[in-house]
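Engineer: Can you read through this structure? Questions will come right after.
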Amino acid sequence: MAQTSEKELKVDSRKLFVPDKQELCKVLVEGLKENFADASVSVVDCPDLTQLPFTLASPGLCGNPRLADVGGVPNLIPLANKEKKYDIEKVAELVDLPGAYVLGAGAGCYQFFNFNCEMMANIKTKGGQSNERRNCTRISKVNPEDGSCVLQTCETTCFSLMANLFLSDGKPGKVIKVRASKRTGEENFVTCMRKTLAKKYGDKTVGLGGTFLIEQGKAKFHVMPDYSKTPLNTNDDVNNWLKFYEMMSPLVCFSCFLSHDPGLDLRLEHSHGFGHHGVGGHYHYDVTPDEVVYEAYYQVAETIYRVDAPTETHNVGRD
Ligand SMILES: [Zn+2]
């Protein structure tokens, strides 16, 4: 299945297992109830996600839902590879969905901004039937002056190093709505759902992409500072290098996860989020289990594309 595009990016793909949505609701709610005091999961008509607080660049998550895992952590660790630059427009073409609506988590474009940063991808790409682009992507960085987190808009369609993206036609339609509150277990919101699906579906890979809101409480996020000048060889090295923050809700996250890796060297979950109050970064978990309330809209992806998988790989820093 491997093929080479004109830009020499290697692309591999696999069809995903797509369970019936009603069955998925039952499976997810059972798993969530082991980790949250209250949980509900249902199939709903996607609300208009262009509205606050979500502010997606397209109204829905429907039509040709696909996941793309581009590059990877080995492009950052042990040392950043400054050559690794990708274009979301190009990714949309590589997954045969020019003009796709794209959301997800990745590294902001070092080559454009001249600093390392987190990307919250949220863009209706150009191409296909409509030639209009709507780029609502945001990036966040560490303010070198005082170590605070800074959120800003992103004028480029490019990113660096890696991204986990969900692509679709961005249309309204049926999606899976999840509500969960008062965390009683150790798993974060996404890991709980991912492990629940892994337990149920085994080596059949199920992949979801969408958006979740942390309505109440606070959550631990990280933001990458400038590239490390010394090699990051262990998870401790990575954690000492990253800047961690406890961010106040409401926080809007863009999220991709898969229940299983069918041999593509995938990152199984990746969620980045931001608050309209000016923060953003990589979601780890909420730190206020009693207060936390999550509301999510997810779509089930039909295919996973692996784009430009690093030739030398490892498992450091994939948390
Ligand atoms: Zn991240």
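Every chain in the structure tokens has a letter given in the order shown (A, B, ...), and although residue numbers restart at 1 in each chain, ligands are simply numbered from 1 in the order shown.
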Please build the interface table for chain A against ligand 1 with a cut-off of 7 Å, listing for each qualifying residue the nearest atom pair and the distance in Å to one decimal; count only C-alpha atoms and all ligand atoms, order rows by chain and increasing number, and write it as a Markdown table.
Structural biologist:
| residue | atom | partner | partner_atom_place_in_ligand_line | distance |
| --- | --- | --- | --- | --- |
| A:Ala105 | CA | ligand 1 | 1 (Zn) | 5.8 |
| A:Gly106 | CA | ligand 1 | 1 (Zn) | 5.7 |
| A:Ala107 | CA | ligand 1 | 1 (Zn) | 7.0 |
| A:Glu118 | CA | ligand 1 | 1 (Zn) | 6.7 |
| A:His270 | CA | ligand 1 | 1 (Zn) | 6.0 |
| A:Ser271 | CA | ligand 1 | 1 (Zn) | 6.4 |
| A:His272 | CA | ligand 1 | 1 (Zn) | 6.0 |
| A:His282 | CA | ligand 1 | 1 (Zn) | 4.5 |
Engineer: Got time to write the residues from that selection, C-alpha atoms, as a PDB file, in the first residue's frame?
Structural biologist:
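Saved to again13.pdb:
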ATOM      1  CA  ALA A 105      -3.036  18.477  17.496  1.00  0.00           C
ATOM      2  CA  GLY A 106       0.469  19.130  16.258  1.00  0.00           C
ATOM      3  CA  ALA A 107       3.581  21.268  16.466  1.00  0.00           C
ATOM      4  CA  GLU A 118       1.849  24.019  19.923  1.00  0.00           C
ATOM      5  CA  HIS A 270      -3.357  13.383  20.948  1.00  0.00           C
ATOM      6  CA  SER A 271      -5.468  16.325  22.077  1.00  0.00           C
ATOM      7  CA  HIS A 272      -4.662  20.027  22.007  1.00  0.00           C
ATOM      8  CA  HIS A 282      -1.338  19.892  24.879  1.00  0.00           C
TER       9      HIS A 282
END
Engineer: Could you give me the residues within range 269-305 of chain A that DSSP places in strand (DSSP E or B), as a count of residues only?
Structural biologist: 26
Engineer: At a cut-off of 12 Å, using only C-alpha atoms, what residues contact Thr234 in chain A? Leave out same-chain residues fewer than 2 positions from it and give the result as JSON, numbers by chain.
Structural biologist: {"A": [77, 78, 79, 230, 231, 232, 236, 237, 238, 239, 240, 241, 314, 315, 316, 317, 318]}
Engineer: Can you work out the spacing between CA of Val73 in chain A and CA of Leu266 in chain A in Å, to one decimal?
Structural biologist: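 For CA of Val73 in chain A relative to CA of Leu266 in chain A, the distance reads 10.1 Å.
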Engineer: Against range 127-144 of chain A, which residues of range 31-86 of chain A fall within 8 Å? For each one I want the closest pair of atoms and the distance in Å (one decimal), counting only C-alpha atoms, rows by chain and increasing residue number, as JSON lines.
Structural biologist:
{"residue": "A:Thr55", "atom": "CA", "partner": "A:Cys136", "partner_atom": "CA", "distance": 7.9}
{"residue": "A:Leu56", "atom": "CA", "partner": "A:Cys136", "partner_atom": "CA", "distance": 7.1}
{"residue": "A:Ala57", "atom": "CA", "partner": "A:Cys136", "partner_atom": "CA", "distance": 5.8}
Engineer: Check the smallest atom-to-atom distance from each of A:Gly273, A:Gly263, A:Gly280, A:Pro225 to Ala80 in chain A using only C-alpha atoms, then report the winner.
Structural biologist: A:Pro225
Engineer: Which residue is closest to Ala180 in chain A? Choose from A:Pro289, A:Gly63, A:Pro53, A:Pro98 and count only C-alpha atoms.
Structural biologist: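 That would be A:Pro289, the residue with the smallest distance to Ala180 in chain A.
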Engineer: What's around His277 in chain A at 9 Å? Count only C-alpha atoms, leave out sequence neighbours fewer than 6 positions away in its own chain, and write the answer as a compact mmCIF listing (two decimals) with all heavy atoms, in the first residue's frame.
Structural biologist:
# COMPACT_ATOMS: atom_id res chain seq x y z
N LEU A 151 -1.37 32.67 23.62
CA LEU A 151 -2.17 32.09 22.53
C LEU A 151 -2.24 33.10 21.40
O LEU A 151 -2.41 34.29 21.65
CB LEU A 151 -3.59 31.80 23.04
CG LEU A 151 -4.54 31.14 22.04
CD1 LEU A 151 -4.22 29.65 21.88
CD2 LEU A 151 -6.00 31.30 22.49
N MET A 248 -7.33 27.19 33.28
CA MET A 248 -8.72 27.34 33.72
C MET A 248 -9.68 27.02 32.58
O MET A 248 -9.44 27.41 31.45
CB MET A 248 -8.98 28.80 34.13
CG MET A 248 -8.46 29.20 35.49
SD MET A 248 -9.23 28.29 36.83
CE MET A 248 -10.95 28.79 36.64
N PRO A 250 -13.34 27.67 30.66
CA PRO A 250 -13.60 26.65 29.62
C PRO A 250 -12.45 26.51 28.64
O PRO A 250 -11.83 27.49 28.25
CB PRO A 250 -14.86 27.20 28.93
CG PRO A 250 -14.85 28.67 29.18
CD PRO A 250 -14.16 28.88 30.49
Engineer: Per residue of range 183-227 of chain A within 12 Å of range 43-49 of chain A, record the nearest atom pair and its distance in Å to one decimal, counting only C-alpha atoms, with rows in chain order and ascending residue number, as CSV.
Structural biologist:
residue,atom,partner,partner_atom,distance
A:Gly210,CA,A:Leu49,CA,10.5
A:Thr211,CA,A:Leu49,CA,9.1
A:Phe212,CA,A:Leu49,CA,10.9
A:Leu213,CA,A:Leu49,CA,11.4
Engineer: Mind dumping the selected residues with N, CA and C atoms as a CSV table (one decimal), in the first residue's frame?
Structural biologist:
chain,number,residue,atom,x,y,z
A,210,GLY,N,-12.6,14.5,16.9
A,210,GLY,CA,-13.6,15.5,17.2
A,210,GLY,C,-13.1,16.5,18.2
A,211,THR,N,-14.1,17.1,18.9
A,211,THR,CA,-13.8,18.2,19.8
A,211,THR,C,-14.4,18.0,21.1
A,212,PHE,N,-13.7,18.3,22.2
A,212,PHE,CA,-14.4,18.3,23.5
A,212,PHE,C,-14.1,19.6,24.3
A,213,LEU,N,-15.1,19.9,25.1
A,213,LEU,CA,-15.0,21.1,25.9
A,213,LEU,C,-14.8,20.7,27.3
Engineer: If you run DSSP over the backbone, which residues in range 192-225 of chain A end up alpha helix (DSSP H)? Put them as a list in words.
Structural biologist: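 Selecting the alpha helix (DSSP H) positions of range 192-225 of chain A gives Cys192, Met193, Arg194, Lys195, Thr196, Leu197, Ala198, Lys199, Lys200 and Tyr201 of chain A.
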